[in-house]
Amino acid sequence: MPHDHHDHDHDADHPHSHLPSDPALRVKALETVLTRKGLVDPAALDEIIDTYQNRIGPKNGAQVVARAWSDPEFNRALMHDATAVVAEMGFYGRQGEHITAVENTPETHNMVVCTLCSCYPWPLLGIPPGWYKSDAYRARAVREPRAVLADFGVSLPPDTAVRVWDSTAEMRYLVIPRRPEGTEGMDAEALAALVTRDSMIGTGLPKEPAT
């Protein structure tokens, strides 16, 4: 299936051809130019990036997961048509047009990768982390998912299968991790606080409740 492609070739005559080819270096170079011209405040830019990467995005997805944990009817609707369900919660737009929710069970652990670029559900998870876009993750997640999970500190029972979902422009995935034990009676806000970004990609697990 086709993917969103974010890297484009530039010929020698392109006005930006002098910029580094690596995307991260290109962004840094552009940031430096804009900062020198007084058009960008680096501190404000860092705050914006932190907000979308670590606060707004993952918190949206965490709300979905917490509700799926505590409301069986909502969970069934989410598994049937996640796009419509999350849109009703206000989580929609660019990079979030097509969402499928996949649920971890004792028998199956789900993990998401985009093998051709970096398709990712921005409205739910915010800005994708650098490792998600790396060549190493994109190649190894499919070839040796258990080794990748081990790199993230996730150890699964031998009889738990690992299913890898390849995200595309036509479909992005949200992993619903298993609800931690000892969370009975916790409200949605408390449950959402246990949900991590990585657990919704499948490269992590939720936090354990405080004892």
# chains A, B, ... in the order shown; residues from 1 in each chain; ligands from 1
call {"tool": "residues_around", "arguments": {"residues": "Ser134 (chain A)", "least_positions_apart": "6", "cutoff": "10 Å", "atoms": "only C-alpha atoms", "output": "list in words"}}
result
Cys114, Thr115, Cys117 and Ser118 of chain A
call {"tool": "write_last_selection", "arguments": {"atoms": "N, CA and C atoms", "output": "compact mmCIF listing (two decimals), in the first residue's frame"}}
result
# COMPACT_ATOMS: atom_id res chain seq x y z
N CYS A 114 6.33 1.81 10.45
CA CYS A 114 6.07 2.24 9.07
C CYS A 114 7.34 1.93 8.29
N THR A 115 7.31 0.91 7.47
CA THR A 115 8.53 0.40 6.86
C THR A 115 9.07 1.28 5.74
N CYS A 117 8.31 4.90 5.42
CA CYS A 117 8.55 6.30 5.79
C CYS A 117 8.28 6.47 7.28
N SER A 118 7.27 7.24 7.66
CA SER A 118 7.01 7.43 9.09
C SER A 118 5.54 7.75 9.35
call {"tool": "residues_around", "arguments": {"residues": "region 65-71 of chain A", "least_positions_apart": "6", "cutoff": "7 Å", "atoms": "only C-alpha atoms", "output": "PDB file with N, CA, C and O atoms, in the first residue's frame"}}
result
ATOM      1  N   ILE A 176      -3.837  -0.746  21.819  1.00  0.00           N
ATOM      2  CA  ILE A 176      -4.485  -0.680  23.128  1.00  0.00           C
ATOM      3  C   ILE A 176      -3.762  -1.681  24.024  1.00  0.00           C
ATOM      4  O   ILE A 176      -3.959  -2.891  23.910  1.00  0.00           O
ATOM      5  N   ARG A 179      -4.457  -3.717  30.253  1.00  0.00           N
ATOM      6  CA  ARG A 179      -4.659  -2.930  31.474  1.00  0.00           C
ATOM      7  C   ARG A 179      -3.824  -3.518  32.609  1.00  0.00           C
ATOM      8  O   ARG A 179      -3.873  -4.730  32.862  1.00  0.00           O
ATOM      9  N   ALA A 188     -10.999   7.249  34.941  1.00  0.00           N
ATOM     10  CA  ALA A 188     -10.388   7.387  33.618  1.00  0.00           C
ATOM     11  C   ALA A 188      -9.135   8.257  33.667  1.00  0.00           C
ATOM     12  O   ALA A 188      -8.142   7.972  32.987  1.00  0.00           O
ATOM     13  N   LEU A 191      -6.306   6.225  35.144  1.00  0.00           N
ATOM     14  CA  LEU A 191      -5.883   5.201  34.186  1.00  0.00           C
ATOM     15  C   LEU A 191      -5.070   5.816  33.056  1.00  0.00           C
ATOM     16  O   LEU A 191      -4.040   5.253  32.634  1.00  0.00           O
ATOM     17  N   ALA A 192      -5.503   6.966  32.545  1.00  0.00           N
ATOM     18  CA  ALA A 192      -4.795   7.611  31.438  1.00  0.00           C
ATOM     19  C   ALA A 192      -3.367   7.961  31.828  1.00  0.00           C
ATOM     20  O   ALA A 192      -2.458   7.937  30.983  1.00  0.00           O
TER      21      ALA A 192
END
call {"tool": "select_by_dssp", "arguments": {"residues": "region 57-149 of chain A", "states": "alpha helix (DSSP H)", "output": "PDB file with N, CA and C atoms, in the first residue's frame"}}
result
ATOM      1  N   GLY A  57      -0.313  15.286  22.209  1.00  0.00           N
ATOM      2  CA  GLY A  57      -0.559  14.080  21.439  1.00  0.00           C
ATOM      3  C   GLY A  57      -0.757  12.843  22.279  1.00  0.00           C
ATOM      4  N   PRO A  58       0.270  12.412  23.025  1.00  0.00           N
ATOM      5  CA  PRO A  58       0.102  11.187  23.807  1.00  0.00           C
ATOM      6  C   PRO A  58      -1.047  11.229  24.790  1.00  0.00           C
ATOM      7  N   LYS A  59      -1.374  12.399  25.311  1.00  0.00           N
ATOM      8  CA  LYS A  59      -2.494  12.481  26.248  1.00  0.00           C
ATOM      9  C   LYS A  59      -3.814  12.179  25.552  1.00  0.00           C
ATOM     10  N   ASN A  60      -3.929  12.558  24.291  1.00  0.00           N
ATOM     11  CA  ASN A  60      -5.145  12.232  23.543  1.00  0.00           C
ATOM     12  C   ASN A  60      -5.307  10.725  23.432  1.00  0.00           C
ATOM     13  N   GLY A  61      -4.261  10.065  22.984  1.00  0.00           N
ATOM     14  CA  GLY A  61      -4.314   8.613  22.861  1.00  0.00           C
ATOM     15  C   GLY A  61      -4.551   7.937  24.192  1.00  0.00           C
ATOM     16  N   ALA A  62      -3.950   8.481  25.255  1.00  0.00           N
ATOM     17  CA  ALA A  62      -4.121   7.897  26.581  1.00  0.00           C
ATOM     18  C   ALA A  62      -5.576   7.963  27.027  1.00  0.00           C
ATOM     19  N   GLN A  63      -6.277   9.035  26.652  1.00  0.00           N
ATOM     20  CA  GLN A  63      -7.698   9.124  26.977  1.00  0.00           C
ATOM     21  C   GLN A  63      -8.492   8.009  26.301  1.00  0.00           C
ATOM     22  N   VAL A  64      -8.127   7.735  25.054  1.00  0.00           N
ATOM     23  CA  VAL A  64      -8.808   6.671  24.310  1.00  0.00           C
ATOM     24  C   VAL A  64      -8.561   5.324  24.981  1.00  0.00           C
ATOM     25  N   VAL A  65      -7.303   5.053  25.323  1.00  0.00           N
ATOM     26  CA  VAL A  65      -6.951   3.779  25.948  1.00  0.00           C
ATOM     27  C   VAL A  65      -7.660   3.617  27.289  1.00  0.00           C
ATOM     28  N   ALA A  66      -7.637   4.658  28.107  1.00  0.00           N
ATOM     29  CA  ALA A  66      -8.261   4.578  29.427  1.00  0.00           C
ATOM     30  C   ALA A  66      -9.751   4.289  29.314  1.00  0.00           C
ATOM     31  N   ARG A  67     -10.392   4.902  28.343  1.00  0.00           N
ATOM     32  CA  ARG A  67     -11.818   4.653  28.171  1.00  0.00           C
ATOM     33  C   ARG A  67     -12.057   3.238  27.659  1.00  0.00           C
ATOM     34  N   ALA A  68     -11.178   2.756  26.783  1.00  0.00           N
ATOM     35  CA  ALA A  68     -11.309   1.386  26.280  1.00  0.00           C
ATOM     36  C   ALA A  68     -11.147   0.377  27.413  1.00  0.00           C
ATOM     37  N   TRP A  69     -10.262   0.680  28.360  1.00  0.00           N
ATOM     38  CA  TRP A  69     -10.053  -0.204  29.506  1.00  0.00           C
ATOM     39  C   TRP A  69     -11.282  -0.275  30.409  1.00  0.00           C
ATOM     40  N   SER A  70     -11.977   0.852  30.557  1.00  0.00           N
ATOM     41  CA  SER A  70     -13.029   0.937  31.564  1.00  0.00           C
ATOM     42  C   SER A  70     -14.451   0.852  31.028  1.00  0.00           C
ATOM     43  N   PRO A  72     -16.539  -1.349  28.302  1.00  0.00           N
ATOM     44  CA  PRO A  72     -16.577  -2.430  27.313  1.00  0.00           C
ATOM     45  C   PRO A  72     -17.317  -2.049  26.031  1.00  0.00           C
ATOM     46  N   GLU A  73     -18.387  -1.299  26.148  1.00  0.00           N
ATOM     47  CA  GLU A  73     -19.140  -0.902  24.955  1.00  0.00           C
ATOM     48  C   GLU A  73     -18.310   0.023  24.073  1.00  0.00           C
ATOM     49  N   PHE A  74     -17.608   0.957  24.705  1.00  0.00           N
ATOM     50  CA  PHE A  74     -16.712   1.842  23.955  1.00  0.00           C
ATOM     51  C   PHE A  74     -15.611   1.035  23.288  1.00  0.00           C
ATOM     52  N   ASN A  75     -15.075   0.054  24.004  1.00  0.00           N
ATOM     53  CA  ASN A  75     -13.999  -0.769  23.460  1.00  0.00           C
ATOM     54  C   ASN A  75     -14.464  -1.530  22.218  1.00  0.00           C
ATOM     55  N   ARG A  76     -15.675  -2.074  22.268  1.00  0.00           N
ATOM     56  CA  ARG A  76     -16.206  -2.789  21.106  1.00  0.00           C
ATOM     57  C   ARG A  76     -16.358  -1.851  19.911  1.00  0.00           C
ATOM     58  N   ALA A  77     -16.874  -0.656  20.163  1.00  0.00           N
ATOM     59  CA  ALA A  77     -17.039   0.320  19.087  1.00  0.00           C
ATOM     60  C   ALA A  77     -15.679   0.733  18.523  1.00  0.00           C
ATOM     61  N   LEU A  78     -14.688   0.874  19.397  1.00  0.00           N
ATOM     62  CA  LEU A  78     -13.343   1.255  18.970  1.00  0.00           C
ATOM     63  C   LEU A  78     -12.735   0.185  18.074  1.00  0.00           C
ATOM     64  N   MET A  79     -12.903  -1.067  18.435  1.00  0.00           N
ATOM     65  CA  MET A  79     -12.367  -2.151  17.617  1.00  0.00           C
ATOM     66  C   MET A  79     -13.079  -2.247  16.274  1.00  0.00           C
ATOM     67  N   HIS A  80     -14.347  -1.852  16.253  1.00  0.00           N
ATOM     68  CA  HIS A  80     -15.130  -1.926  15.019  1.00  0.00           C
ATOM     69  C   HIS A  80     -14.807  -0.783  14.067  1.00  0.00           C
ATOM     70  N   ALA A  82     -12.449   2.538  14.692  1.00  0.00           N
ATOM     71  CA  ALA A  82     -11.694   3.470  15.528  1.00  0.00           C
ATOM     72  C   ALA A  82     -11.704   4.883  14.959  1.00  0.00           C
ATOM     73  N   THR A  83     -11.677   5.004  13.643  1.00  0.00           N
ATOM     74  CA  THR A  83     -11.655   6.332  13.025  1.00  0.00           C
ATOM     75  C   THR A  83     -12.845   7.158  13.482  1.00  0.00           C
ATOM     76  N   ALA A  84     -14.036   6.573  13.411  1.00  0.00           N
ATOM     77  CA  ALA A  84     -15.248   7.298  13.795  1.00  0.00           C
ATOM     78  C   ALA A  84     -15.274   7.570  15.290  1.00  0.00           C
ATOM     79  N   VAL A  85     -14.848   6.602  16.083  1.00  0.00           N
ATOM     80  CA  VAL A  85     -14.922   6.742  17.540  1.00  0.00           C
ATOM     81  C   VAL A  85     -13.988   7.843  18.033  1.00  0.00           C
ATOM     82  N   VAL A  86     -12.738   7.849  17.560  1.00  0.00           N
ATOM     83  CA  VAL A  86     -11.808   8.884  18.041  1.00  0.00           C
ATOM     84  C   VAL A  86     -12.182  10.250  17.483  1.00  0.00           C
ATOM     85  N   ALA A  87     -12.794  10.285  16.297  1.00  0.00           N
ATOM     86  CA  ALA A  87     -13.241  11.562  15.740  1.00  0.00           C
ATOM     87  C   ALA A  87     -14.326  12.168  16.622  1.00  0.00           C
ATOM     88  N   GLU A  88     -15.201  11.316  17.154  1.00  0.00           N
ATOM     89  CA  GLU A  88     -16.253  11.794  18.055  1.00  0.00           C
ATOM     90  C   GLU A  88     -15.658  12.396  19.324  1.00  0.00           C
ATOM     91  N   TRP A 122      -0.728  11.243  14.329  1.00  0.00           N
ATOM     92  CA  TRP A 122      -0.384  12.485  15.029  1.00  0.00           C
ATOM     93  C   TRP A 122      -1.468  12.979  15.983  1.00  0.00           C
ATOM     94  N   PRO A 123      -2.763  12.998  15.600  1.00  0.00           N
ATOM     95  CA  PRO A 123      -3.771  13.536  16.524  1.00  0.00           C
ATOM     96  C   PRO A 123      -3.863  12.757  17.836  1.00  0.00           C
ATOM     97  N   LEU A 124      -3.434  11.499  17.823  1.00  0.00           N
ATOM     98  CA  LEU A 124      -3.512  10.667  19.021  1.00  0.00           C
ATOM     99  C   LEU A 124      -2.193  10.606  19.785  1.00  0.00           C
ATOM    100  N   LEU A 125      -1.076  10.607  19.064  1.00  0.00           N
ATOM    101  CA  LEU A 125       0.218  10.382  19.714  1.00  0.00           C
ATOM    102  C   LEU A 125       1.184  11.542  19.604  1.00  0.00           C
ATOM    103  N   GLY A 130      12.082  10.180  17.171  1.00  0.00           N
ATOM    104  CA  GLY A 130      13.126   9.994  16.172  1.00  0.00           C
ATOM    105  C   GLY A 130      13.384   8.537  15.846  1.00  0.00           C
ATOM    106  N   TRP A 131      13.358   7.667  16.864  1.00  0.00           N
ATOM    107  CA  TRP A 131      13.657   6.258  16.614  1.00  0.00           C
ATOM    108  C   TRP A 131      12.610   5.605  15.718  1.00  0.00           C
ATOM    109  N   TYR A 132      11.363   6.093  15.768  1.00  0.00           N
ATOM    110  CA  TYR A 132      10.304   5.509  14.938  1.00  0.00           C
ATOM    111  C   TYR A 132      10.601   5.715  13.454  1.00  0.00           C
ATOM    112  N   LYS A 133      11.284   6.820  13.141  1.00  0.00           N
ATOM    113  CA  LYS A 133      11.595   7.158  11.752  1.00  0.00           C
ATOM    114  C   LYS A 133      12.937   6.600  11.294  1.00  0.00           C
ATOM    115  N   ASP A 135      15.994   4.167  10.130  1.00  0.00           N
ATOM    116  CA  ASP A 135      16.110   2.993   9.252  1.00  0.00           C
ATOM    117  C   ASP A 135      16.234   1.709  10.074  1.00  0.00           C
ATOM    118  N   ALA A 136      16.954   1.790  11.181  1.00  0.00           N
ATOM    119  CA  ALA A 136      17.183   0.591  11.995  1.00  0.00           C
ATOM    120  C   ALA A 136      15.866   0.057  12.543  1.00  0.00           C
ATOM    121  N   TYR A 137      15.046   0.924  13.112  1.00  0.00           N
ATOM    122  CA  TYR A 137      13.770   0.465  13.664  1.00  0.00           C
ATOM    123  C   TYR A 137      12.872  -0.067  12.564  1.00  0.00           C
ATOM    124  N   ARG A 138      12.777   0.659  11.449  1.00  0.00           N
ATOM    125  CA  ARG A 138      11.879   0.263  10.373  1.00  0.00           C
ATOM    126  C   ARG A 138      12.254  -1.095   9.794  1.00  0.00           C
ATOM    127  N   ALA A 139      13.529  -1.403   9.763  1.00  0.00           N
ATOM    128  CA  ALA A 139      13.963  -2.700   9.224  1.00  0.00           C
ATOM    129  C   ALA A 139      13.860  -3.809  10.258  1.00  0.00           C
ATOM    130  N   ARG A 140      14.296  -3.538  11.472  1.00  0.00           N
ATOM    131  CA  ARG A 140      14.385  -4.598  12.484  1.00  0.00           C
ATOM    132  C   ARG A 140      13.033  -4.955  13.078  1.00  0.00           C
ATOM    133  N   ALA A 141      12.112  -4.004  13.128  1.00  0.00           N
ATOM    134  CA  ALA A 141      10.809  -4.275  13.746  1.00  0.00           C
ATOM    135  C   ALA A 141      10.085  -5.409  13.044  1.00  0.00           C
ATOM    136  N   VAL A 142      10.261  -5.499  11.749  1.00  0.00           N
ATOM    137  CA  VAL A 142       9.626  -6.567  10.978  1.00  0.00           C
ATOM    138  C   VAL A 142      10.444  -7.851  11.048  1.00  0.00           C
ATOM    139  N   ARG A 143      11.754  -7.721  10.971  1.00  0.00           N
ATOM    140  CA  ARG A 143      12.630  -8.888  10.879  1.00  0.00           C
ATOM    141  C   ARG A 143      12.835  -9.579  12.225  1.00  0.00           C
ATOM    142  N   PRO A 145      11.229  -8.619  15.694  1.00  0.00           N
ATOM    143  CA  PRO A 145      10.468  -7.780  16.634  1.00  0.00           C
ATOM    144  C   PRO A 145      10.784  -8.041  18.097  1.00  0.00           C
ATOM    145  N   ARG A 146      11.039  -9.280  18.467  1.00  0.00           N
ATOM    146  CA  ARG A 146      11.328  -9.560  19.881  1.00  0.00           C
ATOM    147  C   ARG A 146      12.653  -8.926  20.301  1.00  0.00           C
ATOM    148  N   ALA A 147      13.612  -8.902  19.411  1.00  0.00           N
ATOM    149  CA  ALA A 147      14.893  -8.263  19.730  1.00  0.00           C
ATOM    150  C   ALA A 147      14.703  -6.758  19.898  1.00  0.00           C
ATOM    151  N   VAL A 148      13.864  -6.163  19.063  1.00  0.00           N
ATOM    152  CA  VAL A 148      13.575  -4.733  19.187  1.00  0.00           C
ATOM    153  C   VAL A 148      12.879  -4.456  20.510  1.00  0.00           C
ATOM    154  N   LEU A 149      11.904  -5.277  20.854  1.00  0.00           N
ATOM    155  CA  LEU A 149      11.206  -5.105  22.124  1.00  0.00           C
ATOM    156  C   LEU A 149      12.186  -5.224  23.293  1.00  0.00           C
TER     157      LEU A 149
END
call {"tool": "select_by_dssp", "arguments": {"residues": "region 7-203 of chain A", "states": "strand (DSSP E)", "output": "list of chain:residue names"}}
result
A:Ile99, A:Thr100, A:Ala101, A:Val102, A:Glu103, A:Thr108, A:His109, A:Asn110, A:Met111, A:Val112, A:Val113, A:Ala161, A:Val162, A:Arg163, A:Val164, A:Trp165, A:Asp166, A:Arg172, A:Tyr173, A:Leu174, A:Val175, A:Ile176
call {"tool": "atom_distance", "arguments": {"atom1": "CA of Asp159 (chain A)", "atom2": "CA of Thr105 (chain A)"}}
result
11.6 Å
call {"tool": "closest_residue", "arguments": {"among": "A:Thr32, A:Gly202, A:Gly90, A:Thr211", "to": "Ala150 (chain A)", "atoms": "only C-alpha atoms"}}
result
A:Gly202
call {"tool": "closest_residue", "arguments": {"among": "A:Thr203, A:Thr183, A:Ser167, A:Thr35", "to": "His109 (chain A)", "atoms": "only C-alpha atoms"}}
result
A:Thr203
call {"tool": "residues_around", "arguments": {"residues": "Pro121 (chain A)", "least_positions_apart": "6", "cutoff": "12 Å", "atoms": "only C-alpha atoms", "output": "PyMOL selection string"}}
result
chain A and resi 53+57-58+60-61+82-83+86+91-101+112-114+127-129+167-175+197+200-201
call {"tool": "atom_distance", "arguments": {"atom1": "CA of Lys207 (chain A)", "atom2": "CA of Met111 (chain A)"}}
result
17.3 Å
call {"tool": "atom_distance", "arguments": {"atom1": "CA of Val102 (chain A)", "atom2": "CA of Pro180 (chain A)"}}
result
16.9 Å
